[in-house]
file structure39.txt (compact mmCIF, C-alpha atoms)
# COMPACT_ATOMS: atom_id res chain seq x y z
CA MET A 1 151.53 40.27 216.29
CA ALA A 2 152.50 41.09 212.71
CA ARG A 3 153.84 38.67 210.12
CA ILE A 4 157.22 39.39 208.49
CA PHE A 5 158.21 37.94 205.11
CA SER A 6 161.54 38.13 203.33
CA GLY A 7 163.25 36.08 200.66
CA ILE A 8 166.67 35.60 199.11
CA GLN A 9 167.69 34.04 195.82
CA PRO A 10 169.61 30.81 196.40
CA THR A 11 171.93 31.37 193.43
CA GLY A 12 175.47 32.46 194.16
CA ILE A 13 177.20 32.55 197.53
CA ALA A 14 175.88 35.17 199.94
CA THR A 15 178.34 38.00 200.47
CA LEU A 16 179.30 40.19 203.38
CA GLY A 17 176.96 42.76 201.81
CA ASN A 18 174.02 40.33 202.01
CA TYR A 19 174.90 39.52 205.60
CA LEU A 20 175.32 43.06 206.91
CA GLY A 21 172.49 44.44 204.78
CA ALA A 22 169.86 41.74 205.38
CA LEU A 23 170.70 38.40 206.96
CA ARG A 24 171.97 39.77 210.26
CA ASN A 25 168.75 41.75 210.53
CA TRP A 26 166.69 38.61 209.80
CA VAL A 27 168.31 36.92 212.79
CA ALA A 28 167.63 39.93 215.03
CA LEU A 29 163.95 40.03 213.97
CA GLN A 30 163.47 36.56 215.43
CA GLU A 31 163.94 38.08 218.89
CA GLY A 32 160.77 40.16 218.57
CA GLU A 33 157.13 39.16 218.86
CA ASP A 34 156.41 39.15 215.11
CA GLU A 35 156.17 35.90 213.14
CA CYS A 36 159.09 35.56 210.69
CA ILE A 37 158.85 33.72 207.37
CA TYR A 38 162.09 33.37 205.39
CA CYS A 39 162.10 31.94 201.90
CA LEU A 40 164.69 30.70 199.39
CA VAL A 41 163.11 32.06 196.22
CA ASP A 42 164.07 29.38 193.71
CA LEU A 43 161.14 30.30 191.43
CA HIS A 44 162.69 33.74 191.02
CA ALA A 45 166.08 32.16 190.36
CA ILE A 46 164.92 30.52 187.11
CA THR A 47 163.99 33.85 185.50
CA VAL A 48 167.47 33.32 184.05
CA PHE A 49 168.63 29.84 183.08
CA GLN A 50 170.04 27.73 185.92
CA ASP A 51 171.81 24.42 185.71
CA PRO A 52 169.32 22.08 187.48
CA ALA A 53 171.90 20.22 189.57
CA GLY A 54 173.59 23.51 190.38
CA LEU A 55 170.33 25.09 191.52
CA ARG A 56 169.62 22.20 193.89
CA GLU A 57 173.13 22.43 195.32
CA GLN A 58 173.01 26.20 195.72
CA THR A 59 169.60 26.05 197.39
CA ARG A 60 171.05 23.73 200.02
CA GLN A 61 174.12 25.97 200.36
CA MET A 62 171.99 29.04 201.01
CA ALA A 63 169.81 27.15 203.49
CA ALA A 64 172.91 25.97 205.33
CA LEU A 65 174.28 29.51 205.43
CA LEU A 66 171.04 30.96 206.81
CA LEU A 67 171.04 28.36 209.55
CA ALA A 68 174.71 29.03 210.26
CA CYS A 69 173.99 32.77 210.52
CA GLY A 70 171.42 32.08 213.22
CA ILE A 71 168.05 31.54 211.53
CA ASP A 72 166.28 29.20 213.94
CA PRO A 73 163.65 26.83 212.41
CA ALA A 74 162.02 26.59 215.82
CA ARG A 75 161.33 30.34 215.87
CA SER A 76 161.04 31.16 212.16
CA VAL A 77 159.64 29.46 209.07
CA LEU A 78 162.46 28.61 206.64
CA PHE A 79 161.65 26.89 203.32
CA HIS A 80 162.19 26.87 199.57
CA GLN A 81 159.56 28.71 197.53
CA SER A 82 158.83 26.00 194.95
CA ALA A 83 157.71 23.62 197.73
CA VAL A 84 154.60 25.76 198.37
CA SER A 85 152.43 25.90 195.24
CA ALA A 86 150.36 28.80 196.61
CA HIS A 87 153.15 31.20 195.56
CA ALA A 88 152.86 30.31 191.88
CA ARG A 89 149.06 30.16 191.91
CA LEU A 90 148.64 33.60 193.47
CA GLY A 91 151.46 34.86 191.26
CA TRP A 92 149.40 33.97 188.17
CA ILE A 93 146.35 35.75 189.55
CA PHE A 94 148.51 38.82 190.15
CA ASN A 95 149.83 38.57 186.56
CA CYS A 96 146.23 39.13 185.54
CA VAL A 97 145.69 42.01 187.99
CA ALA A 98 148.89 44.01 187.41
CA ARG A 99 149.11 46.34 184.42
CA MET A 100 151.82 46.32 181.75
CA GLY A 101 152.56 49.96 182.39
CA TRP A 102 153.31 49.27 186.04
CA LEU A 103 155.88 46.63 185.14
CA LYS A 104 157.51 48.72 182.43
CA ARG A 105 158.34 51.33 185.05
CA MET A 106 160.26 48.87 187.22
CA THR A 107 163.85 50.05 187.22
CA GLN A 108 165.32 46.67 188.23
CA PHE A 109 163.97 45.05 185.07
CA LYS A 110 165.70 47.70 182.98
CA ASP A 111 168.93 47.15 184.89
CA LYS A 112 168.83 43.34 184.63
CA ALA A 113 167.61 43.15 181.04
CA GLY A 114 170.00 45.77 179.73
CA LYS A 115 169.71 46.91 176.13
CA ASP A 116 168.40 43.62 174.70
CA GLN A 117 165.05 43.48 176.50
CA GLU A 118 163.45 41.43 173.72
CA ALA A 119 165.80 38.50 174.42
CA VAL A 120 165.18 38.03 178.16
CA SER A 121 162.60 35.64 179.62
CA THR A 122 159.07 36.81 180.26
CA GLY A 123 159.62 35.62 183.82
CA LEU A 124 162.17 38.39 184.33
CA PHE A 125 159.53 40.91 183.27
CA VAL A 126 156.68 39.65 185.47
CA TYR A 127 158.67 38.49 188.51
CA PRO A 128 157.61 41.56 190.56
CA ASN A 129 154.07 40.13 190.46
CA LEU A 130 155.37 36.87 191.93
CA MET A 131 157.29 38.88 194.52
CA ALA A 132 154.00 40.53 195.50
CA ALA A 133 152.37 37.10 195.74
CA ASP A 134 155.22 35.84 197.94
CA ILE A 135 154.27 38.46 200.51
CA HIS A 136 150.50 38.58 200.14
CA VAL A 137 150.02 34.81 200.22
CA TYR A 138 150.93 35.01 203.93
CA HIS A 139 149.07 38.27 204.58
CA ALA A 140 152.45 39.55 205.71
CA THR A 141 152.41 43.23 206.63
CA LYS A 142 156.11 43.86 207.23
CA VAL A 143 158.91 43.30 204.73
CA PRO A 144 162.53 44.16 205.59
CA VAL A 145 164.08 45.68 202.47
CA GLY A 146 166.82 47.98 201.29
CA ASP A 147 166.14 51.26 199.52
CA ASP A 148 166.54 49.55 196.13
CA GLN A 149 163.50 47.33 196.84
CA LEU A 150 161.01 50.04 197.80
CA GLN A 151 159.59 50.17 194.27
CA HIS A 152 158.65 46.48 194.55
CA ILE A 153 156.76 47.10 197.79
CA GLU A 154 154.88 49.98 196.16
CA LEU A 155 153.92 47.68 193.28
CA ALA A 156 152.81 44.93 195.68
CA ASN A 157 150.54 47.43 197.42
CA ASP A 158 149.17 48.65 194.07
CA ILE A 159 148.35 45.07 193.06
CA ALA A 160 146.62 44.36 196.39
CA GLU A 161 144.62 47.58 196.18
CA LYS A 162 143.46 46.78 192.64
CA PHE A 163 142.55 43.19 193.58
CA ASN A 164 140.55 44.42 196.56
CA HIS A 165 138.81 47.04 194.40
CA ASP A 166 138.08 44.69 191.49
CA PHE A 167 136.45 42.07 193.71
CA GLY A 168 134.87 44.39 196.26
CA VAL A 169 136.77 43.04 199.26
CA ALA A 170 139.32 44.13 201.85
CA PHE A 171 141.24 40.88 201.56
CA PHE A 172 144.91 41.76 201.10
CA PRO A 173 146.36 44.10 203.74
CA ARG A 174 148.77 46.92 203.05
CA ILE A 175 152.48 46.11 203.35
CA GLU A 176 154.92 48.22 205.31
CA ALA A 177 158.51 48.33 204.06
CA VAL A 178 160.84 47.99 207.04
CA VAL A 179 164.10 49.75 206.17
CA PRO A 180 166.66 49.41 208.97
CA LYS A 181 167.87 52.83 210.07
CA GLU A 182 171.54 51.91 210.09
CA THR A 183 171.92 49.16 207.53
CA ALA A 184 175.46 48.97 206.20
CA ARG A 185 175.70 49.57 202.46
CA VAL A 186 178.68 47.43 201.50
CA MET A 187 180.40 48.28 198.27
CA SER A 188 182.76 46.37 195.97
CA LEU A 189 186.32 45.91 197.19
CA ARG A 190 187.50 46.80 193.68
CA ASP A 191 185.24 49.81 193.04
CA GLY A 192 183.80 51.77 195.95
CA THR A 193 181.07 53.25 193.76
CA LYS A 194 179.44 49.88 193.03
CA LYS A 195 177.48 47.66 195.42
CA MET A 196 179.14 44.42 196.52
CA SER A 197 177.43 41.70 194.51
CA LYS A 198 177.52 37.90 194.50
CA SER A 199 177.24 38.08 190.68
CA ASP A 200 180.32 40.29 190.20
CA ALA A 201 182.70 38.80 187.64
CA SER A 202 185.63 39.20 190.04
CA ASP A 203 185.62 37.14 193.22
CA MET A 204 188.14 39.62 194.64
CA ALA A 205 185.39 42.28 194.62
CA ARG A 206 183.50 40.61 197.45
CA ILE A 207 183.81 38.76 200.73
CA ASN A 208 181.86 35.51 200.50
CA MET A 209 180.34 34.29 203.75
CA THR A 210 182.04 30.92 203.17
CA ASP A 211 185.52 32.34 202.52
CA THR A 212 188.33 30.95 204.66
CA ALA A 213 190.46 33.11 206.94
CA ASP A 214 193.33 33.18 204.43
CA VAL A 215 191.05 34.20 201.55
CA ILE A 216 189.41 36.97 203.60
CA ALA A 217 192.81 38.34 204.64
CA GLN A 218 194.06 38.26 201.04
CA LYS A 219 190.97 40.04 199.67
CA ILE A 220 191.18 42.81 202.27
CA LYS A 221 194.92 43.20 201.69
CA LYS A 222 194.30 43.69 197.96
CA ALA A 223 191.16 45.84 198.35
CA LYS A 224 191.42 49.09 196.42
CA THR A 225 192.30 52.17 198.48
CA ASP A 226 193.96 55.54 197.89
CA PRO A 227 197.37 56.89 199.01
CA ALA A 228 196.12 59.30 201.70
CA PRO A 229 195.95 58.24 205.38
CA LEU A 230 192.65 57.86 207.16
CA PRO A 231 191.21 61.27 208.11
CA GLU A 232 189.85 62.53 211.42
CA HIS A 233 186.34 63.39 210.20
CA VAL A 234 183.70 61.42 208.28
CA LYS A 235 183.05 64.34 205.92
CA ASP A 236 186.61 63.93 204.63
CA LEU A 237 185.65 60.51 203.23
CA GLU A 238 183.00 61.93 200.88
CA ASP A 239 185.28 61.88 197.82
CA ARG A 240 187.10 58.70 198.85
CA PRO A 241 184.64 55.87 198.09
CA GLU A 242 187.02 52.96 198.72
CA ALA A 243 188.22 54.38 202.04
CA ARG A 244 184.64 55.14 203.06
CA ASN A 245 183.63 51.57 202.21
CA LEU A 246 186.35 49.93 204.31
CA VAL A 247 185.65 52.23 207.26
CA GLY A 248 181.93 51.42 206.94
CA ILE A 249 182.62 47.67 206.89
CA TYR A 250 184.80 47.89 210.00
CA ALA A 251 182.15 49.98 211.77
CA ALA A 252 179.37 47.53 210.88
CA ILE A 253 181.24 44.38 211.87
CA MET A 254 182.47 45.90 215.15
CA GLY A 255 179.20 47.60 216.11
CA MET A 256 180.76 51.06 215.92
CA LYS A 257 179.94 54.37 214.23
CA PRO A 258 182.19 55.55 211.38
CA HIS A 259 183.34 58.55 213.41
CA GLU A 260 184.40 56.19 216.20
CA VAL A 261 186.46 54.17 213.71
CA LEU A 262 188.18 57.33 212.47
CA HIS A 263 188.86 58.47 216.03
CA LYS A 264 190.70 55.17 216.52
CA PHE A 265 192.59 55.09 213.21
CA ALA A 266 192.97 58.77 212.16
CA GLY A 267 196.37 59.38 210.57
CA SER A 268 196.98 55.66 210.03
CA GLY A 269 197.90 54.26 206.67
CA PHE A 270 195.81 51.49 205.17
CA GLY A 271 198.30 48.73 205.96
CA PRO A 272 197.66 48.57 209.74
CA PHE A 273 193.95 49.36 209.29
CA LYS A 274 193.47 46.59 206.74
CA GLN A 275 195.14 44.11 209.08
CA GLN A 276 192.72 44.92 211.90
CA LEU A 277 189.78 44.89 209.47
CA ALA A 278 190.79 41.45 208.18
CA ASP A 279 191.15 40.14 211.74
CA ALA A 280 187.71 41.44 212.67
CA LEU A 281 186.10 39.90 209.59
CA VAL A 282 187.80 36.54 210.12
CA ALA A 283 186.67 36.43 213.75
CA HIS A 284 183.07 37.09 212.69
CA ILE A 285 182.76 35.21 209.41
CA GLU A 286 184.97 32.14 209.79
CA PRO A 287 182.68 30.48 212.41
CA ILE A 288 179.70 31.01 210.09
CA GLY A 289 181.58 29.31 207.27
CA LEU A 290 182.49 26.38 209.51
CA ARG A 291 178.87 25.93 210.63
CA THR A 292 177.71 26.16 207.00
CA ARG A 293 180.01 23.32 206.02
CA GLU A 294 178.75 21.25 208.96
CA TYR A 295 175.15 21.61 207.76
CA LEU A 296 176.15 20.77 204.18
CA ALA A 297 177.82 17.58 205.37
CA ASP A 298 174.33 16.12 206.00
CA PRO A 299 172.13 17.11 203.01
CA THR A 300 169.34 14.74 204.07
CA ALA A 301 168.95 16.51 207.42
CA LEU A 302 169.10 19.86 205.63
CA ASP A 303 166.32 18.79 203.25
CA HIS A 304 164.20 17.69 206.21
CA ILE A 305 164.55 21.15 207.79
CA LEU A 306 163.38 22.81 204.56
CA GLN A 307 160.53 20.34 204.08
CA ALA A 308 159.31 20.89 207.64
CA GLY A 309 159.45 24.63 207.02
CA ALA A 310 157.50 24.20 203.79
CA ARG A 311 154.73 22.37 205.65
CA LYS A 312 154.49 25.26 208.14
CA ALA A 313 154.45 27.79 205.29
CA GLU A 314 151.80 25.86 203.37
CA ALA A 315 149.54 25.73 206.42
CA ILE A 316 149.50 29.54 206.40
CA ALA A 317 149.49 30.16 202.66
CA GLU A 318 147.02 27.56 201.38
CA PRO A 319 143.84 28.99 202.98
CA ILE A 320 144.77 32.47 201.74
CA ALA A 321 145.48 31.26 198.20
CA GLN A 322 142.26 29.23 198.11
CA GLU A 323 140.22 32.23 199.23
CA ALA A 324 141.85 34.39 196.53
CA GLU A 325 140.95 31.70 193.98
CA ARG A 326 137.36 31.63 195.24
CA LEU A 327 137.14 35.41 195.02
CA VAL A 328 138.19 35.42 191.36
CA GLY A 329 135.63 32.71 190.55
CA PHE A 330 137.55 29.44 190.46
CA LEU A 331 135.79 26.23 191.48
CA ALA A 332 136.97 24.67 194.74
CA ARG A 333 140.01 22.43 194.39
CA GLY A 334 138.25 19.54 196.14

call {"tool": "encode", "arguments": {"input": "structure39.txt", "output": "structure tokens"}}
result
Amino acid sequence: MARIFSGIQPTGIATLGNYLGALRNWVALQEGEDECIYCLVDLHAITVFQDPAGLREQTRQMAALLLACGIDPARSVLFHQSAVSAHARLGWIFNCVARMGWLKRMTQFKDKAGKDQEAVSTGLFVYPNLMAADIHVYHATKVPVGDDQLQHIELANDIAEKFNHDFGVAFFPRIEAVVPKETARVMSLRDGTKKMSKSDASDMARINMTDTADVIAQKIKKAKTDPAPLPEHVKDLEDRPEARNLVGIYAAIMGMKPHEVLHKFAGSGFGPFKQQLADALVAHIEPIGLRTREYLADPTALDHILQAGARKAEAIAEPIAQEAERLVGFLARG
């Protein structure tokens, strides 16, 4: 049995892109034999300033959403990262193992920092080391990721290899990136060339997993398209990013292939297609939103679920973190 680890930032409301690209897969992974550990990475969230009350509220919101999507605390470990100190302790050790040159090559830092790299927090620069610690502190060997996260897995393996070499051990195992073969890549409803993001300035660019039926229908109705009808063949969508995106969303939510969607709707204008797409999304997402609000109605019970998950996570992580500390020469914690 392998151990799977994955995490999500609790800031912002999870979008349809997060759901189709990751969260739905997390739920499916619970059905296998591997042990699943799912983490709300609030330590990563504070690499940019967060309002403290807002961060607490959003952490609960994300936990409620994960439970509503089908994450089962009886079959998986669900917790918030800051509740398990082993993450931060191993993260510091990895800060001292990783090399500056490795971090400077990380493309996501360049994207997030932009042109004014001198003004961002040091946490934003070194967070890939903490991401490596998040995985290695459980000796997890499988991490479900998208293509944009493969560089982080490579870095995590580099850090583990250097740690093992420096201290003459075979302590941290190699991580395998698990990239789903048919993960939907959901793009912005306002610009089909950009990924749907929960940080987009326009709420109309995304479907939030807590949106009501009326809001979902309105966003799909106003989603950017082009004047041509839907074609017969997938290759004819290559230069039509918005059309390709909506067809891809319909295919993903209905469990179809894009060519099957086009076989059904070829020659149709976007009016009738958008109506059926909106109906399909409402049928799938609205129950998740309702369950999310039910969990949020009892924050004490929600906190107890996360705290119980943290105790399970700590039971796995603490012996691994303590052995890493022993290997580097720290005295026992007592």

call {"tool": "atom_distance", "arguments": {"input": "structure39.txt", "atom1": "CA of Ala2 in chain A", "atom2": "CA of Glu318 in chain A"}}
result
18.5 Å

call {"tool": "residues_around", "arguments": {"input": "structure39.txt", "residues": "range 148-151 of chain A", "least_positions_apart": "4", "cutoff": "8 Å", "atoms": "all atoms listed in the file", "output": "list in words"}}
result
Met106, Leu155 and Ala177 of chain A

call {"tool": "write_last_selection", "arguments": {"input": "structure39.txt", "atoms": "C-alpha atoms", "output": "tab-separated table (two decimals), in the coordinates of the input"}}
result
chain	number	residue	atom	x	y	z
A	106	MET	CA	160.26	48.87	187.22
A	155	LEU	CA	153.92	47.68	193.28
A	177	ALA	CA	158.51	48.33	204.06

call {"tool": "closest_residue", "arguments": {"input": "structure39.txt", "among": "A:Ile93, A:Ala313, A:Leu306, A:Val145", "to": "Gly21 in chain A", "atoms": "all atoms listed in the file"}}
result
A:Val145

call {"tool": "residues_around", "arguments": {"input": "structure39.txt", "residues": "Gly269 in chain A", "least_positions_apart": "3", "cutoff": "7 Å", "atoms": "only C-alpha atoms", "output": "ChimeraX atom specification"}}
result
/A:229-230,272-273

call {"tool": "closest_residue", "arguments": {"input": "structure39.txt", "among": "A:Asn157, A:Gln81, A:Gln30, A:Gln50", "to": "Ala317 in chain A", "atoms": "only C-alpha atoms"}}
result
A:Gln81

call {"tool": "atom_distance", "arguments": {"input": "structure39.txt", "atom1": "CA of Asp158 in chain A", "atom2": "CA of His139 in chain A"}}
result
14.8 Å

call {"tool": "residues_around", "arguments": {"input": "structure39.txt", "residues": "Trp26 in chain A", "least_positions_apart": "2", "cutoff": "9 Å", "atoms": "only C-alpha atoms", "output": "ChimeraX atom specification"}}
result
/A:6,22-24,28-30,36,38,70-71,144

call {"tool": "closest_atom_pairs", "arguments": {"input": "structure39.txt", "of": "range 20-83 of chain A", "to": "range 192-208 of chain A", "cutoff": "12 Å", "atoms": "only C-alpha atoms", "output": "Markdown table"}}
result
| residue | atom | partner | partner_atom | distance |
| --- | --- | --- | --- | --- |
| A:Leu20 | CA | A:Met196 | CA | 11.2 |
| A:Gly21 | CA | A:Met196 | CA | 10.6 |
| A:Met62 | CA | A:Asn208 | CA | 11.8 |
| A:Leu65 | CA | A:Asn208 | CA | 10.9 |

call {"tool": "residues_around", "arguments": {"input": "structure39.txt", "residues": "Val41 in chain A", "least_positions_apart": "5", "cutoff": "8 Å", "atoms": "all atoms listed in the file", "output": "PyMOL selection string"}}
result
chain A and resi 7-10+80-82

call {"tool": "atom_distance", "arguments": {"input": "structure39.txt", "atom1": "CA of Gly289 in chain A", "atom2": "CA of Gly255 in chain A"}}
result
20.5 Å

call {"tool": "closest_residue", "arguments": {"input": "structure39.txt", "among": "A:Glu242, A:Glu232, A:Asp211, A:Asp147", "to": "Leu16 in chain A", "atoms": "all atoms listed in the file"}}
result
A:Asp211

call {"tool": "residues_around", "arguments": {"input": "structure39.txt", "residues": "Gly32 in chain A", "least_positions_apart": "5", "cutoff": "12 Å", "atoms": "all atoms listed in the file", "output": "short mmCIF file (atom, residue, chain, number, x, y, z; two decimals) with C-alpha atoms, in the coordinates of the input"}}
result
data_model
loop_
_atom_site.label_atom_id
_atom_site.label_comp_id
_atom_site.auth_asym_id
_atom_site.auth_seq_id
_atom_site.Cartn_x
_atom_site.Cartn_y
_atom_site.Cartn_z
CA MET A 1 151.53 40.27 216.29
CA ALA A 2 152.50 41.09 212.71
CA ARG A 3 153.84 38.67 210.12
CA ILE A 4 157.22 39.39 208.49
CA ASN A 25 168.75 41.75 210.53
CA TRP A 26 166.69 38.61 209.80
CA VAL A 27 168.31 36.92 212.79
CA ARG A 75 161.33 30.34 215.87
CA SER A 76 161.04 31.16 212.16
#

call {"tool": "closest_residue", "arguments": {"input": "structure39.txt", "among": "A:Ala280, A:Asn164, A:Arg99, A:Glu238", "to": "Met254 in chain A", "atoms": "only C-alpha atoms"}}
result
A:Ala280

call {"tool": "closest_residue", "arguments": {"input": "structure39.txt", "among": "A:Thr210, A:Gln108, A:Thr11, A:Ser85", "to": "Leu296 in chain A", "atoms": "only C-alpha atoms"}}
result
A:Thr210

call {"tool": "closest_residue", "arguments": {"input": "structure39.txt", "among": "A:Thr47, A:Val179, A:Ala170, A:Ala64", "to": "Val120 in chain A", "atoms": "all atoms listed in the file"}}
result
A:Thr47

call {"tool": "decode", "arguments": {"input": "structure39.txt", "residues": "range 12-30 of chain A", "atoms": "N, CA, C and O atoms", "output": "PDB file, in the first residue's frame"}}
result
ATOM      1  N   GLY A  12      -9.580  31.745  -0.989  1.00  0.00           N
ATOM      2  CA  GLY A  12     -10.430  31.793  -2.170  1.00  0.00           C
ATOM      3  C   GLY A  12     -11.377  30.612  -2.210  1.00  0.00           C
ATOM      4  O   GLY A  12     -11.180  29.601  -1.537  1.00  0.00           O
ATOM      5  N   ILE A  13     -12.427  30.738  -2.997  1.00  0.00           N
ATOM      6  CA  ILE A  13     -13.418  29.678  -3.136  1.00  0.00           C
ATOM      7  C   ILE A  13     -12.988  28.757  -4.267  1.00  0.00           C
ATOM      8  O   ILE A  13     -12.653  29.217  -5.358  1.00  0.00           O
ATOM      9  N   ALA A  14     -12.987  27.463  -4.013  1.00  0.00           N
ATOM     10  CA  ALA A  14     -12.591  26.504  -5.052  1.00  0.00           C
ATOM     11  C   ALA A  14     -13.508  26.640  -6.263  1.00  0.00           C
ATOM     12  O   ALA A  14     -14.708  26.851  -6.140  1.00  0.00           O
ATOM     13  N   THR A  15     -12.919  26.521  -7.435  1.00  0.00           N
ATOM     14  CA  THR A  15     -13.651  26.693  -8.680  1.00  0.00           C
ATOM     15  C   THR A  15     -13.958  25.349  -9.336  1.00  0.00           C
ATOM     16  O   THR A  15     -13.464  24.300  -8.913  1.00  0.00           O
ATOM     17  N   LEU A  16     -14.738  25.432 -10.384  1.00  0.00           N
ATOM     18  CA  LEU A  16     -14.996  24.246 -11.196  1.00  0.00           C
ATOM     19  C   LEU A  16     -13.684  23.650 -11.701  1.00  0.00           C
ATOM     20  O   LEU A  16     -13.541  22.430 -11.799  1.00  0.00           O
ATOM     21  N   GLY A  17     -12.713  24.515 -12.009  1.00  0.00           N
ATOM     22  CA  GLY A  17     -11.400  24.035 -12.448  1.00  0.00           C
ATOM     23  C   GLY A  17     -10.715  23.219 -11.379  1.00  0.00           C
ATOM     24  O   GLY A  17     -10.134  22.161 -11.657  1.00  0.00           O
ATOM     25  N   ASN A  18     -10.757  23.688 -10.120  1.00  0.00           N
ATOM     26  CA  ASN A  18     -10.180  22.922  -9.011  1.00  0.00           C
ATOM     27  C   ASN A  18     -10.881  21.583  -8.853  1.00  0.00           C
ATOM     28  O   ASN A  18     -10.248  20.552  -8.596  1.00  0.00           O
ATOM     29  N   TYR A  19     -12.194  21.598  -9.008  1.00  0.00           N
ATOM     30  CA  TYR A  19     -12.974  20.376  -8.815  1.00  0.00           C
ATOM     31  C   TYR A  19     -12.674  19.345  -9.898  1.00  0.00           C
ATOM     32  O   TYR A  19     -12.337  18.188  -9.596  1.00  0.00           O
ATOM     33  N   LEU A  20     -12.780  19.753 -11.163  1.00  0.00           N
ATOM     34  CA  LEU A  20     -12.572  18.805 -12.252  1.00  0.00           C
ATOM     35  C   LEU A  20     -11.105  18.414 -12.394  1.00  0.00           C
ATOM     36  O   LEU A  20     -10.792  17.296 -12.808  1.00  0.00           O
ATOM     37  N   GLY A  21     -10.203  19.342 -12.033  1.00  0.00           N
ATOM     38  CA  GLY A  21      -8.786  19.066 -12.195  1.00  0.00           C
ATOM     39  C   GLY A  21      -8.156  18.310 -11.047  1.00  0.00           C
ATOM     40  O   GLY A  21      -7.148  17.631 -11.226  1.00  0.00           O
ATOM     41  N   ALA A  22      -8.761  18.400  -9.833  1.00  0.00           N
ATOM     42  CA  ALA A  22      -8.110  17.792  -8.667  1.00  0.00           C
ATOM     43  C   ALA A  22      -9.093  17.139  -7.703  1.00  0.00           C
ATOM     44  O   ALA A  22      -8.986  15.958  -7.401  1.00  0.00           O
ATOM     45  N   LEU A  23     -10.053  17.897  -7.201  1.00  0.00           N
ATOM     46  CA  LEU A  23     -10.850  17.422  -6.077  1.00  0.00           C
ATOM     47  C   LEU A  23     -11.662  16.174  -6.413  1.00  0.00           C
ATOM     48  O   LEU A  23     -11.777  15.262  -5.582  1.00  0.00           O
ATOM     49  N   ARG A  24     -12.208  16.118  -7.615  1.00  0.00           N
ATOM     50  CA  ARG A  24     -12.957  14.924  -8.003  1.00  0.00           C
ATOM     51  C   ARG A  24     -12.041  13.705  -8.019  1.00  0.00           C
ATOM     52  O   ARG A  24     -12.459  12.597  -7.645  1.00  0.00           O
ATOM     53  N   ASN A  25     -10.792  13.916  -8.425  1.00  0.00           N
ATOM     54  CA  ASN A  25      -9.828  12.822  -8.427  1.00  0.00           C
ATOM     55  C   ASN A  25      -9.461  12.402  -7.005  1.00  0.00           C
ATOM     56  O   ASN A  25      -9.260  11.214  -6.728  1.00  0.00           O
ATOM     57  N   TRP A  26      -9.375  13.373  -6.081  1.00  0.00           N
ATOM     58  CA  TRP A  26      -9.104  13.043  -4.681  1.00  0.00           C
ATOM     59  C   TRP A  26     -10.168  12.086  -4.142  1.00  0.00           C
ATOM     60  O   TRP A  26      -9.848  11.117  -3.440  1.00  0.00           O
ATOM     61  N   VAL A  27     -11.411  12.376  -4.449  1.00  0.00           N
ATOM     62  CA  VAL A  27     -12.507  11.530  -3.981  1.00  0.00           C
ATOM     63  C   VAL A  27     -12.371  10.125  -4.561  1.00  0.00           C
ATOM     64  O   VAL A  27     -12.516   9.124  -3.851  1.00  0.00           O
ATOM     65  N   ALA A  28     -12.063  10.040  -5.850  1.00  0.00           N
ATOM     66  CA  ALA A  28     -11.929   8.734  -6.507  1.00  0.00           C
ATOM     67  C   ALA A  28     -10.777   7.930  -5.917  1.00  0.00           C
ATOM     68  O   ALA A  28     -10.865   6.703  -5.793  1.00  0.00           O
ATOM     69  N   LEU A  29      -9.688   8.601  -5.532  1.00  0.00           N
ATOM     70  CA  LEU A  29      -8.522   7.899  -4.988  1.00  0.00           C
ATOM     71  C   LEU A  29      -8.835   7.188  -3.680  1.00  0.00           C
ATOM     72  O   LEU A  29      -8.171   6.218  -3.317  1.00  0.00           O
ATOM     73  N   GLN A  30      -9.853   7.674  -2.966  1.00  0.00           N
ATOM     74  CA  GLN A  30     -10.237   7.031  -1.711  1.00  0.00           C
ATOM     75  C   GLN A  30     -10.724   5.596  -1.929  1.00  0.00           C
ATOM     76  O   GLN A  30     -10.717   4.789  -0.996  1.00  0.00           O
TER      77      GLN A  30
END
